[in-house]
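Colleague: Take this structure, written in C-alpha cells, and hold onto it; I'll ask about it next.
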Amino acid sequence: MSRRSRLAWTGAHTRTGIIDAMANVTKRLVVLGAGTAGTMVANRLLKSLPDGWSITVVDKSDTHYYQPGYLFIPFGMLPPSKVTRPTRDVLAKGLDVVAGEIDRVDADANVVYLEGGRELPYDQLVIATGTSPRPDQTPGMDGPELHKSVGEFYTYEGAVALRDALKKFTGGRLVMHITEMPFKCPVAPLEFTFLAEDWLRKNGLRDKTELVFVTPLDGAFTKPVASRALGHLLKEKGISVETDFMIESVDQEAKVIRSYDEREIAYDQLVTVPLNMGADFVARSGLGDELNYVLVDKHTNRSTQYDNIWALGDASNIPTSKAGAVAHFSVEMFEENFLDAIAARPLSRSFDGHANCFVESGHGKALLLDFNYDTEPLTGTFPLAKVGPMSLLKESRINHIGKLAFRQIYWNMLLPGRNIPIPPEMRMAGKIPAEK
C-alpha cells in the first residue's frame, strides 16, 4: 500500500471511529438522593430512557427508610426493623450507585461536587434529597434533653428514642408541638396526638394526662374544610388546642416552650416537629429558597433557573404537602415530561398538586384526605364513586387497614417503579362537592 493510500485509509478510519464514538456518546442523568422520590424516579427511568443514557444515584446513607412507619414506632405498633432496607436492595440493577456527601452543584458547568473532591458531570440533574428536621434552628430545642423529655418522630433515631421515653411516661402534660410550616407529612402530628390518646387509654394513663396540640396555624390543619373535621375530633377526644403559637425557644430546664408573643406552655413530655429544611448544598449551589427548597415550576418540577435541573419529592418548593403520595403522583408526571424534554419536545403533562393521605385517628380507625392545588379535601368515597371502598373525611376501619397495607405497596410497587391503579391527577369521581 502506498504512503498516500495508507494516509487516506488512516484518515477514513479515524473519521469513522469518531463518527462511531459520537453515535455511542452516553448522556448522563445524575439523581441526588435515594429516598422515596429519588428511588422511584431512578428505577422508572432505567426502564424508559432510550439507549445511550446512564443513571447515577448519589446518597450518603446505605439504608433506605420507610418514613411513614416512624409514626407507629413510639407506640409499639411497628418494630423498627420493619422500616429499613439496604439502599442497594431497593435500587434496580443497572444503576450506578455512589455513596457520598454532596458538597455543591455548579449548575453553569453541569457538575456535582462531592465532599472529598469527586466530580460528577451531568447532562440532566434530578434533586431528590428531601427535607430534614433541624432542631438546631430553635434556641434550646437541641439541648441535652433532645430525644428524652424533648422528643420527635421525624427521624429513625428519634422515633425509637420516643418509644423508650413513652415507656417511662406515667402521666402529666403531653404536648404535641409544630414549629413552622412547611414540614414533612403535615397530618402526622395530628395522627400522633390521636394515637397517643388511644395509647394512654389502653395503658390506664388517660385520666392522668393532659394532651395539648400546639400549632402555628389558626386551626388543626392547613386546609379549612379538613381543619374543621379534624378540630372536631380533637375536641371530641378532650385534646386541648393552642393555635397561632410561633415558638421562640425551648427551656429544657423549666420544661416550657415560649412563643414570640411571650406565651408559655409547660410540658412533662414534649413531642415536637422541628423546623424542616432542605439540604444545605442547595443553598451553597444557589438553587433554593430561604429554607433550601429548590425553586421549580409547580406543574412540571423543572427548575425555574436551569432547564436541565429538576427537583422531586420534599426537595422542591411546590406549594403542596411534603408527603410520599405527592412524590409518587409527581414522579409519574415527571417521567413523561422528562422523556419529552430530552427529545426536545414540549412538556406534555401538568402536575395538579394531587395529594392523598390517611389520618390515623386511633381506636383502629383512620380518615382519608384527597386534594390538590385548587380543590380542598371533600367528603365522599375513594377511589370509586359509591363503591369506595374507602371513605373521605370520615373515620373508618378500612381506612386504617389501607394505611397499614401501604407499607407493602411502598416496598413492592412504588419503589420498584410499578404503576398502581390510582391516576396521578385528582379525580372528582365519588366526591361530594362542598356547599357554597
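Residue names in the C-alpha cells use chain letters A, B, ... in the order shown, residue numbers from 1 in each chain, and ligand numbers from 1 in the order shown.
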Excluding A:Val111 and residues on its chain fewer than 6 positions from it, collect all residues at most 7 Å away from it, counting only C-alpha atoms, and give them as a PyMOL selection string.
Modeller: chain A and resi 105+119-122
Colleague: Where in stretch 235-315 of chain A does DSSP assign strand (DSSP E), given as a list in words?
Modeller: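 Residues meeting the strand (DSSP E) criterion: Ser240, Val241, Glu242, Ile247, Glu248, Ser249, Val250, Asp251, Val256, Ile257, Arg258, Ser259, Glu264, Ile265, Ala266, Gln269, Leu270, Val271, Thr272, Val273, Asn276, Met277, Gly278, Ile309, Trp310 and Ala311 of chain A.
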Colleague: If you run DSSP over the backbone, which residues in stretch 168-368 of chain A end up helix (DSSP H, G or I)? Put them as a ChimeraX atom specification.
Modeller: /A:188-202,206-208,224-236,280-284,313-315,324-342
Colleague: Considering only C-alpha atoms, give me a table of residues in stretch 100-151 of chain A that are at most 9 Å from stretch 52-73 of chain A, with the closest atom pair and distance in Å for each, as a Markdown table.
Modeller:
```
| residue | atom | partner | partner_atom | distance |
| --- | --- | --- | --- | --- |
| A:Gly100 | CA | A:Lys60 | CA | 4.6 |
| A:Glu101 | CA | A:Lys60 | CA | 5.2 |
| A:Ile102 | CA | A:Lys60 | CA | 8.1 |
| A:Leu120 | CA | A:Thr56 | CA | 8.8 |
| A:Thr129 | CA | A:Asp59 | CA | 8.2 |
```
Colleague: Report, in Å to a single decimal, how far apart atom CA of A:Val98 and atom CA of A:Ala283 are.
Modeller: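 Interatomic distance, atom CA of A:Ala283 to atom CA of A:Val98: 21.8 Å.
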Colleague: Residues at most 7 Å from stretch 313-326 of chain A, counting only C-alpha atoms, excluding those fewer than 4 positions away in the same chain, as a count of residues only?
Modeller: 23
Colleague: Using only C-alpha atoms, pick whichever of A:Leu205, A:Leu392, A:Leu415, A:Ala343 has the shortest atom-to-atom distance to A:Leu91.
Modeller: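 Nearest candidate to A:Leu91 out of A:Leu205, A:Leu392, A:Leu415, A:Ala343: A:Leu415.
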Colleague: So how far away is atom CA of A:Gly94 from atom CA of A:Thr26, in Å?
Modeller: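 Between these atoms lies a distance of 14.2 Å.
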Colleague: Would you kindly return, as an mmCIF file with N, CA and C atoms, in the first residue's frame, each protein, DNA or RNA residue with an atom no farther than 12 Å from any atom of A:Gly380, considering only C-alpha atoms and excluding same-chain residues fewer than 6 positions away?
Modeller:
```
data_model
loop_
_atom_site.group_PDB
_atom_site.id
_atom_site.type_symbol
_atom_site.label_atom_id
_atom_site.label_comp_id
_atom_site.auth_asym_id
_atom_site.auth_seq_id
_atom_site.Cartn_x
_atom_site.Cartn_y
_atom_site.Cartn_z
ATOM 1 N N LEU A 367 -59.010 8.429 58.850
ATOM 2 C CA LEU A 367 -59.679 9.211 57.823
ATOM 3 C C LEU A 367 -58.809 9.185 56.567
ATOM 4 N N LEU A 368 -59.362 9.636 55.459
ATOM 5 C CA LEU A 368 -58.609 9.757 54.213
ATOM 6 C C LEU A 368 -58.884 11.122 53.611
ATOM 7 N N LEU A 369 -57.809 11.830 53.246
ATOM 8 C CA LEU A 369 -57.918 13.127 52.581
ATOM 9 C C LEU A 369 -57.412 12.993 51.152
ATOM 10 N N ASP A 370 -58.087 13.659 50.218
ATOM 11 C CA ASP A 370 -57.674 13.666 48.814
ATOM 12 C C ASP A 370 -57.901 15.084 48.291
ATOM 13 N N LYS A 386 -69.334 5.821 44.951
ATOM 14 C CA LYS A 386 -70.298 4.996 45.694
ATOM 15 C C LYS A 386 -69.688 3.702 46.222
ATOM 16 N N VAL A 387 -68.862 3.042 45.409
ATOM 17 C CA VAL A 387 -68.280 1.756 45.810
ATOM 18 C C VAL A 387 -67.181 1.942 46.843
ATOM 19 N N GLY A 388 -66.352 2.988 46.658
ATOM 20 C CA GLY A 388 -65.223 3.215 47.566
ATOM 21 C C GLY A 388 -64.039 2.317 47.232
ATOM 22 N N PRO A 389 -63.580 1.469 48.110
ATOM 23 C CA PRO A 389 -64.225 1.117 49.391
ATOM 24 C C PRO A 389 -63.873 2.060 50.548
ATOM 25 N N MET A 390 -63.055 3.083 50.273
ATOM 26 C CA MET A 390 -62.618 3.960 51.352
ATOM 27 C C MET A 390 -63.476 5.211 51.392
ATOM 28 N N SER A 391 -63.652 5.739 52.599
ATOM 29 C CA SER A 391 -64.445 6.949 52.775
ATOM 30 C C SER A 391 -63.522 8.145 52.952
ATOM 31 N N LEU A 392 -63.983 9.299 52.479
ATOM 32 C CA LEU A 392 -63.207 10.532 52.572
ATOM 33 C C LEU A 392 -63.714 11.393 53.720
ATOM 34 N N LEU A 393 -62.760 11.949 54.458
ATOM 35 C CA LEU A 393 -63.068 12.838 55.591
ATOM 36 C C LEU A 393 -64.005 12.198 56.610
ATOM 37 N N LYS A 394 -63.896 10.890 56.748
ATOM 38 C CA LYS A 394 -64.747 10.162 57.688
ATOM 39 C C LYS A 394 -63.951 8.993 58.256
ATOM 40 N N GLU A 395 -64.044 8.807 59.552
ATOM 41 C CA GLU A 395 -63.341 7.695 60.184
ATOM 42 C C GLU A 395 -63.905 6.360 59.714
ATOM 43 N N ARG A 427 -59.138 13.137 40.747
ATOM 44 C CA ARG A 427 -60.420 12.928 40.072
ATOM 45 C C ARG A 427 -61.563 13.266 41.022
ATOM 46 N N MET A 428 -62.658 13.749 40.468
ATOM 47 C CA MET A 428 -63.824 14.112 41.288
ATOM 48 C C MET A 428 -64.791 12.958 41.485
ATOM 49 N N ALA A 429 -64.516 11.814 40.850
ATOM 50 C CA ALA A 429 -65.409 10.658 40.993
ATOM 51 C C ALA A 429 -65.552 10.274 42.470
ATOM 52 N N GLY A 430 -66.794 10.171 42.913
ATOM 53 C CA GLY A 430 -67.079 9.774 44.280
ATOM 54 C C GLY A 430 -67.082 10.893 45.292
ATOM 55 N N LYS A 431 -66.621 12.084 44.886
ATOM 56 C CA LYS A 431 -66.526 13.197 45.833
ATOM 57 C C LYS A 431 -67.830 14.004 45.825
ATOM 58 N N ILE A 432 -68.180 14.492 46.994
ATOM 59 C CA ILE A 432 -69.379 15.312 47.143
ATOM 60 C C ILE A 432 -68.953 16.768 47.188
ATOM 61 N N PRO A 433 -69.312 17.570 46.191
ATOM 62 C CA PRO A 433 -68.886 18.978 46.174
ATOM 63 C C PRO A 433 -69.317 19.700 47.439
ATOM 64 N N ALA A 434 -68.438 20.582 47.912
ATOM 65 C CA ALA A 434 -68.741 21.339 49.128
ATOM 66 C C ALA A 434 -69.840 22.360 48.847
#
```
Colleague: For A:Trp199, which residue among A:Val212, A:Leu166, A:Leu291, A:Leu125 is the nearest when counting only C-alpha atoms?
Modeller: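 Closest to A:Trp199, using only C-alpha atoms: A:Leu166.
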Colleague: Hey, which of A:Lys365, A:Lys93, A:Arg206, A:Lys27 ends up closest to A:Ile398? Count only C-alpha atoms.
Modeller: A:Lys365
Colleague: Which is closest to A:Val126 among A:Pro74, A:Gly172, A:Gly33, A:Gly288, if we use only C-alpha atoms?
Modeller: A:Gly33
Colleague: Give me, as a ChimeraX atom specification, all polymer residues having an atom no more than 9 Å from stretch 213-226 of chain A, counting only C-alpha atoms and skipping those fewer than 3 positions away in the same chain.
Modeller: /A:174-181,186-187,189-190,193,229-231,234,239-247,265,369,376-378,393,434
Colleague: Show me, as a short mmCIF file (atom, residue, chain, number, x, y, z; two decimals) with N, CA and C atoms, in the first residue's frame, the residues that have an atom within 10 Å of A:Ser350 when counting only C-alpha atoms, minus same-chain residues fewer than 6 positions from it.
Modeller:
```cif
data_model
loop_
_atom_site.label_atom_id
_atom_site.label_comp_id
_atom_site.auth_asym_id
_atom_site.auth_seq_id
_atom_site.Cartn_x
_atom_site.Cartn_y
_atom_site.Cartn_z
N ASP A 297 -41.00 25.01 38.82
CA ASP A 297 -42.35 25.22 38.33
C ASP A 297 -43.25 24.18 39.01
N LYS A 298 -44.34 24.61 39.62
CA LYS A 298 -45.15 23.69 40.42
C LYS A 298 -45.89 22.65 39.58
N HIS A 299 -45.99 22.85 38.27
CA HIS A 299 -46.69 21.90 37.42
C HIS A 299 -45.76 20.91 36.72
N THR A 300 -44.46 21.22 36.67
CA THR A 300 -43.52 20.34 35.96
C THR A 300 -42.35 19.87 36.81
N ASN A 301 -42.13 20.49 37.96
CA ASN A 301 -40.98 20.19 38.82
C ASN A 301 -39.64 20.51 38.17
N SER A 330 -46.29 12.98 41.43
CA SER A 330 -45.48 13.90 40.63
C SER A 330 -44.42 13.17 39.82
N MET A 333 -45.89 11.98 36.54
CA MET A 333 -45.97 13.10 35.61
C MET A 333 -44.58 13.46 35.09
N PHE A 334 -43.62 13.51 36.01
CA PHE A 334 -42.25 13.89 35.66
C PHE A 334 -41.66 12.97 34.62
N ASN A 337 -42.72 13.98 31.21
CA ASN A 337 -42.15 15.28 30.88
C ASN A 337 -40.65 15.20 30.63
N GLU A 425 -53.51 12.41 38.48
CA GLU A 425 -54.34 13.60 38.59
C GLU A 425 -55.48 13.34 39.59
#
```
Colleague: Would you list the contacts of A:Val256 as a list in words, taking every protein, DNA or RNA residue within 10 Å and counting only C-alpha atoms, but skipping same-chain residues closer than 5 positions in sequence?
Modeller: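 Non-adjacent residues within range: Ser249, Val250, Asp251, Arg263, Glu264, Ile265, Ala266, Tyr267, Asp268 and Leu270 of chain A.
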Colleague: Which one of A:Ser149, A:Thr272, A:Thr379, A:Asn308 sits closest to A:Leu29 if you count only C-alpha atoms?
Modeller: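 Among A:Ser149, A:Thr272, A:Thr379, A:Asn308, it is A:Asn308 that comes nearest to A:Leu29.
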Colleague: Considering only C-alpha atoms, can you say which of A:Asn203, A:Ser361, A:Thr84, A:Gln137 comes closest to A:Leu233?
Modeller: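 Closest residue, counting only C-alpha atoms: A:Ser361.
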Colleague: Could you state the separation of atom CA of A:Glu332 and atom CA of A:Met426 in Å, given to one decimal place?
Modeller: 13.1 Å
